[in-house]
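Q: The structure file coords_22.txt (compact mmCIF, C-alpha atoms) is provided below.
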# COMPACT_ATOMS: atom_id res chain seq x y z
CA ARG L 1 190.17 132.85 148.10
CA ALA L 2 189.50 132.65 144.38
CA CYS L 3 187.42 135.83 144.43
CA ASN L 4 190.23 137.67 146.23
CA ARG L 5 192.78 136.36 143.72
CA LEU L 6 190.59 137.40 140.77
CA GLY L 7 189.81 140.88 142.13
CA ILE L 8 186.13 140.18 142.80
CA VAL L 9 184.48 142.09 145.65
CA VAL L 10 182.91 139.62 148.09
CA ASP L 11 179.56 140.75 149.54
CA VAL L 12 178.49 138.78 152.60
CA ALA L 13 175.15 140.59 153.04
CA HIS L 14 173.03 137.47 152.89
CA GLY L 15 175.40 135.35 154.92
CA THR L 16 174.96 134.16 158.46
CA ARG L 17 177.40 135.22 161.13
CA ALA L 18 179.04 131.78 160.85
CA LEU L 19 179.51 132.28 157.10
CA VAL L 20 181.02 135.73 157.71
CA GLN L 21 183.41 134.24 160.27
CA GLN L 22 184.52 131.68 157.68
CA ALA L 23 184.94 134.36 155.00
CA VAL L 24 186.98 136.52 157.37
CA ALA L 25 189.23 133.56 158.16
CA VAL L 26 190.24 133.14 154.49
CA ALA L 27 189.89 136.69 153.12
CA THR L 28 193.00 138.46 151.94
CA ARG L 29 191.04 141.51 150.77
CA PRO L 30 188.33 143.63 152.41
CA LEU L 31 184.79 142.23 152.52
CA VAL L 32 181.59 144.16 151.90
CA LEU L 33 178.32 143.69 153.76
CA SER L 34 176.26 145.87 151.46
CA HIS L 35 172.96 146.29 153.29
CA THR L 36 172.08 145.87 156.94
CA SER L 37 171.62 147.75 160.20
CA LEU L 38 172.46 147.07 163.80
CA ASP L 39 170.39 145.02 166.17
CA GLN L 40 171.67 144.03 169.61
CA ALA L 41 170.09 140.57 169.30
CA PRO L 42 169.20 139.83 165.67
CA GLY L 43 167.21 136.73 164.85
CA SER L 44 168.86 133.85 163.05
CA ARG L 45 167.23 134.83 159.73
CA SER L 46 167.47 138.58 160.18
CA ARG L 47 169.24 140.80 157.68
CA ARG L 48 170.26 142.94 160.65
CA ILE L 49 173.53 142.27 162.44
CA SER L 50 175.04 142.53 165.90
CA PRO L 51 177.95 144.89 166.68
CA GLU L 52 180.23 141.83 166.88
CA HIS L 53 179.17 140.79 163.36
CA ALA L 54 179.95 144.32 162.13
CA ARG L 55 183.39 144.18 163.70
CA LEU L 56 184.14 140.95 161.79
CA VAL L 57 183.69 142.76 158.48
CA ALA L 58 185.65 145.77 159.74
CA GLN L 59 188.48 143.46 160.74
CA THR L 60 189.11 142.77 157.03
CA GLY L 61 189.25 146.49 156.25
CA GLY L 62 185.80 146.15 154.69
CA VAL L 63 182.68 148.29 154.64
CA ILE L 64 179.16 147.79 156.00
CA GLY L 65 176.26 149.50 154.24
CA VAL L 66 173.53 150.91 156.49
CA TRP L 67 170.24 149.92 154.86
CA PRO L 68 167.59 152.70 154.71
CA VAL L 69 164.56 150.53 155.49
CA ARG L 70 161.61 152.66 156.60
CA GLY L 71 160.52 149.99 159.08
CA ILE L 72 163.84 150.43 160.88
CA PHE L 73 164.38 154.17 160.38
CA ALA L 74 161.48 156.63 160.48
CA ASN L 75 163.24 159.42 158.54
CA LEU L 76 166.64 160.71 157.42
CA ALA L 77 167.51 161.90 160.93
CA ALA L 78 166.93 158.40 162.31
CA TYR L 79 168.89 156.96 159.38
CA ALA L 80 171.80 159.27 160.24
CA ASP L 81 171.59 158.00 163.81
CA GLY L 82 171.81 154.46 162.40
CA PHE L 83 175.09 155.46 160.74
CA ALA L 84 176.35 156.78 164.10
CA ARG L 85 175.51 153.49 165.83
CA MET L 86 177.26 151.49 163.11
CA VAL L 87 180.31 153.77 163.38
CA GLU L 88 180.36 153.15 167.15
CA ALA L 89 180.41 149.40 166.45
CA ALA L 90 182.78 149.19 163.48
CA GLY L 91 184.58 152.53 163.09
CA VAL L 92 184.06 155.34 160.61
CA ASP L 93 186.40 153.71 158.07
CA HIS L 94 184.04 150.76 157.74
CA VAL L 95 180.57 152.27 157.20
CA GLY L 96 178.78 153.29 154.02
CA ILE L 97 175.36 153.71 152.44
CA GLY L 98 173.34 150.51 152.24
CA THR L 99 172.51 149.24 148.79
CA ASP L 100 169.50 147.24 147.62
CA MET L 101 167.08 150.13 148.17
CA LEU L 102 164.45 149.39 145.54
CA GLY L 103 161.35 147.42 146.38
CA LEU L 104 161.77 147.47 150.14
CA PRO L 105 158.63 146.40 151.97
CA GLY L 106 157.41 149.58 153.65
CA GLY L 107 159.72 151.73 151.54
CA SER L 108 163.00 153.50 152.05
CA VAL L 109 163.90 156.69 153.92
CA PHE L 110 166.60 157.31 151.28
CA ASP L 111 165.00 156.65 147.90
CA ASP L 112 167.33 158.36 145.48
CA TYR L 113 170.96 159.42 145.35
CA ARG L 114 169.74 162.94 144.52
CA GLU L 115 168.95 163.03 148.27
CA LEU L 116 172.66 162.87 149.18
CA PRO L 117 172.79 166.56 150.20
CA ALA L 118 169.91 166.01 152.65
CA LEU L 119 171.59 162.89 154.03
CA ALA L 120 174.89 164.77 154.38
CA ALA L 121 173.05 167.50 156.32
CA ALA L 122 171.46 164.91 158.60
CA LEU L 123 174.87 163.33 159.22
CA ARG L 124 176.31 166.77 160.06
CA THR L 125 173.46 167.35 162.52
CA THR L 126 174.21 163.96 164.08
CA GLY L 127 177.80 165.07 164.71
CA PHE L 128 179.76 163.73 161.77
CA ALA L 129 182.70 165.85 160.58
CA PRO L 130 183.04 166.64 156.85
CA ASP L 131 185.83 164.08 156.34
CA GLU L 132 183.73 161.41 158.05
CA ILE L 133 180.73 162.25 155.87
CA ALA L 134 182.92 161.87 152.79
CA LYS L 135 183.95 158.41 153.97
CA VAL L 136 180.43 157.10 154.66
CA LEU L 137 178.92 158.64 151.53
CA GLY L 138 181.28 156.81 149.19
CA GLY L 139 184.90 157.13 150.25
CA ASN L 140 184.96 153.85 152.16
CA TYR L 141 183.47 151.92 149.25
CA ARG L 142 185.98 153.55 146.89
CA ARG L 143 188.85 152.47 149.17
CA VAL L 144 187.57 148.87 149.37
CA PHE L 145 186.95 148.57 145.63
CA ALA L 146 190.46 149.94 144.90
CA ALA L 147 191.98 147.43 147.34
CA VAL L 148 190.10 144.49 145.80
CA VAL L 149 189.99 145.32 142.10
CA GLY L 150 193.48 146.80 142.11
CA SER L 151 194.83 143.55 143.57
CA ALA L 152 193.93 141.43 140.53
Written as C-alpha cells, that's how I'd like the structure from this file.
A:
Amino acid sequence: RACNRLGIVVDVAHGTRALVQQAVAVATRPLVLSHTSLDQAPGSRSRRISPEHARLVAQTGGVIGVWPVRGIFANLAAYADGFARMVEAAGVDHVGIGTDMLGLPGGSVFDDYRELPALAAALRTTGFAPDEIAKVLGGNYRRVFAAVVGSA
C-alpha cells in the first residue's frame, strides 16, 4: 500500500504465488513480475509461473516479463513462442520483455537490446500484429510505469 501511495513500482518476480495473491489483494496500482516464463506445473521454488499466477498480475493491469533463459528457450523463435504462450494466459496488454538478463546460467537467447529488430521479426513470424509487438517490446511497461509513477 505504501509503495502504491509513494509511486513505487512493485515487482513481485521473486515472490511465491501466495505472496502475489496477497499483493494483488492490496494493490491499487499495476504490479510488475519482471522476469519469468510459463510452466504448467512450476515447482515451489521455481522462477517460472503457472497461467493462473500470470492472470493474478494481469488482474492488476500489470505486466509480466518473459525471461530469455537459454535453458527454457533454444533461440529467438522459441522465445517469441514463449511470448505467445504468455499472451494466451494473461493477454497482450500484460506481457513484456523479461529483465535480469545478465549472468544467466546457460546464457540468454536475447543478450542485448540491439537485438530488438530480430526479436520483433520473430514475433511477427509467430503471428503478432505490429501494435501487439509495440506493446510487448515496451509499450506495456510504459503504461504501467505511467500509472504507478504518475499516481504519486
Q: Could you produce a table of the residues of stretch 50-77 of chain L lying within 10 Å of stretch 123-138 of chain L, with the nearest pair of atoms per residue and their separation in Å rounded to one decimal, using only C-alpha atoms, ordered by chain and increasing residue number, as a tab-separated table?
A:
residue	atom	partner	partner_atom	distance
L:Val63	CA	L:Val136	CA	9.1
L:Ile64	CA	L:Val136	CA	9.5
L:Gly65	CA	L:Val136	CA	8.7
L:Val66	CA	L:Val136	CA	9.4
L:Leu76	CA	L:Leu123	CA	8.8
L:Ala77	CA	L:Thr126	CA	7.7
Q: Figure out the distance between atom CA of L:Ile72 and atom CA of L:Ala89, please, to one decimal in Å.
A: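 About the pair atom CA of L:Ala89 and atom CA of L:Ile72: they are 17.5 Å apart.
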Q: With distances taken over only C-alpha atoms, which residue among L:Ala122, L:Leu116, L:Val57, L:Ala27 lies nearest L:Ala90?
A: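 Checking each of L:Ala122, L:Leu116, L:Val57, L:Ala27 against L:Ala90, counting only C-alpha atoms, the winner is L:Val57.
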Q: Show which residues sit within 8 Å of L:Gly71, as an MDAnalysis selection string. Count all atoms listed in the file, and ignore same-chain residues fewer than 2 positions away.
A: chainID L and resid 69 73:74 106:107
Q: Would you output that residue set with C-alpha atoms, as a PDB file, keeping the file's coordinate frame?
A:
ATOM      1  CA  VAL L  69     164.560 150.530 155.490  1.00  0.00           C
ATOM      2  CA  PHE L  73     164.380 154.170 160.380  1.00  0.00           C
ATOM      3  CA  ALA L  74     161.480 156.630 160.480  1.00  0.00           C
ATOM      4  CA  GLY L 106     157.410 149.580 153.650  1.00  0.00           C
ATOM      5  CA  GLY L 107     159.720 151.730 151.540  1.00  0.00           C
TER       6      GLY L 107
END
Q: Let me make sure I understand: among L:Leu31, L:Val26, L:Val144, L:Val10, which one has the smallest atom-to-atom distance to L:Arg55 if we use all atoms listed in the file?
A: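 Looking only at the distances to L:Arg55, the closest residue turns out to be L:Leu31.
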Q: Give me, please, the distance in Å between atom CA of L:Tyr141 and atom CA of L:Gln59, quoted to one decimal.
A: 15.1 Å
Q: For a test of reading the model, state the distance in Å between atom CA of L:Gly82 and atom CA of L:Asp11, rounded to one decimal.
A: 20.3 Å
Q: When distances are computed from all atoms listed in the file, which of L:Ala41, L:Tyr113, L:Ser46, L:Val32 shows the smallest separation from L:Arg143?
A: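 Counting all atoms listed in the file, the residue closest to L:Arg143 is L:Val32.
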Q: May I ask which of the residues L:Val149, L:Glu88, L:Phe83, L:Gly103 is the closest one to L:Leu119, counting all atoms listed in the file?
A: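 Smallest distance to L:Leu119 is found for L:Phe83.
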Q: Smallest atom-to-atom distance to L:Ser108: which of L:Thr60, L:Asn75, L:Ser50, L:Asn140, using only C-alpha atoms?
A: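 Looking only at the distances to L:Ser108, the closest residue turns out to be L:Asn75.
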Q: Which neighbours of L:Ile49 fall inside 7 Å, counting all atoms listed in the file, when residues of the same chain fewer than 4 positions from it are skipped, and could you give them as a PyMOL selection string?
A: chain L and resi 36-39+42+53-54
